[in-house]
Structure formats: C-alpha cells, structure tokens
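Data first, discussion second: the structure below is written as structure tokens.
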Amino acid sequence: RGWPQTAKCRGTVADVAGFEKETRWWLRSWWLSNISDSDHGRPVLWPDASKVESARTVYIVESWVNVPHSVSRTVHVYTDAPAVRLWRNGKVVASASAPARLGTVTFEDVRFEAGNLTAEALSAADAHGQRLATYTALTPGPAASLRLSLDAP
C-alpha cells in the first residue's frame with residue numbers, strides 16, 4: 001500500500017507505528033486472561049509483565065466525546081472480570097455481569113457528560129464485589145499549546 005499506511009488492519013494488535021488497537025484488549029480479555037496460570041497452553045509473558053499490567057483486563061473501547069445530535073452513547077467494555085461497574089464523573093451509571101468467556105460488556109444509553117468515564121472490573125456482580133482493575137476515558141479539552149521540534153541533524 002505504500003507509506004504511510006492509513007488502513008487499520010483488522011485482527012492485528014498494533015498498527016504499523018506500534019500503537020495498540022482495540023483488538024489487543026479484546027483478545028487479552030477473551031483469550032489470555034481466561035486461561036489458567038497453571039495451564040501449559042498459556043502464552044509465556046516476559047518476567048516483569050505482572051508488575052506492568054494488571055492481572056485483570058478492563059478497557060473502554062470508545063472515546064469519551066460528545067456525539068453530535070445525541071445525548072446518550074453506547075459504551076463497550078472489554079473485560080475478563082465477572083462484573084463491571086460504570087462510573088461517570090464519580091457517580092455510578094450502571095453495573096452488569098460479564099458473559100463468561102466472551103470478554104465484552106455493553107452499556108446502552110449512557111448519557112454523555114464531559115469529564116471522565118471509568119469502568120471498574122469487579123470480582124462479583126453483587127454489592128460485595130471487590131475492585132480488580134479500572135480504566136478511565138477522559139473528555140479531551142481544548143489544546144493549550146502546540147510544540148514542534150525537528151529531529152534531524
């Protein structure tokens with residue numbers, strides 16, 4: 001296709017520049033995290049992976065920006081946890097049990113409000129579920145400045 005490649009190749013975990021894509025998080029929630037640590041078929045991660053990444057996966061797929069002509073959004077969360085709680089600006093919006101081994105929870109009609117949207121992976125769908133991991137998407141603000149530099153001799 002030539003350079004730069006502008007296509008987003010489906011089924012890959014990173015683009016040509018190495019930036020992670022949504023597929024990475026879905027594969028991790030659906031496949032890697034559902035394989036027992038003692039299973040010999042589990043892929044071997046680098047030795048310090050447990051220090052860098054959470055043992056559980058939770059990822060909000062959509063960006064948290066206003067959709068023109070709409071007051072609500074559908075929010076998809078990739079997770080391997082038994083349940084997910086969705087927070088908007090510090091207030092609980094919804095909770096849902098995650099379907100076993102599918103890795104995706106969908107929240108319909110989430111009202112948009114600028115700020116932050118946080119998905120919280122829980123150990124159980126009831127009130128006693130322990131927090132396992134969180135992921136937050138922020139509404140971007142206006143650009144404060146632009147800084148350019150030249151990386152050439």
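We name chains A, B, ... following the order of the structure tokens; residues begin at 1 in each chain, and ligands are numbered from 1 as shown.
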- Message: So that I can check the secondary structure, give me every residue of range 68-124 of chain A assigned strand (DSSP E or B) by backbone DSSP, as number ranges by chain.
- Response: A: 72-79, 83-88, 91-97, 104-111, 116-122
- Item | Contact residues around range 82-98 of chain A with only C-alpha atoms at 12 Å, ignoring same-chain residues under 6 positions, as number ranges by chain | A: 29-30, 33-34, 56-60, 64, 74-76, 104-139
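When CA of Glu62 in chain A is paired with CA of Leu146 in chain A, their separation reads 25.2 Å.
For the choices A:Glu20, A:Leu102, A:Ile35, A:Ala143, the atom-to-atom distance to Val61 in chain A is smallest for A:Glu20 when using only C-alpha atoms.
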- Item | One-decimal distance in Å that lies between CA of Val77 in chain A and CA of Trp25 in chain A |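 Separating CA of Trp25 in chain A from CA of Val77 in chain A is a distance of 9.5 Å.
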- Message: Between CA of Pro153 in chain A and CA of Phe19 in chain A, what is the distance in Å, rounded to a tenth?
- Response: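 Calculated distance between CA of Pro153 in chain A and CA of Phe19 in chain A is 26.3 Å.
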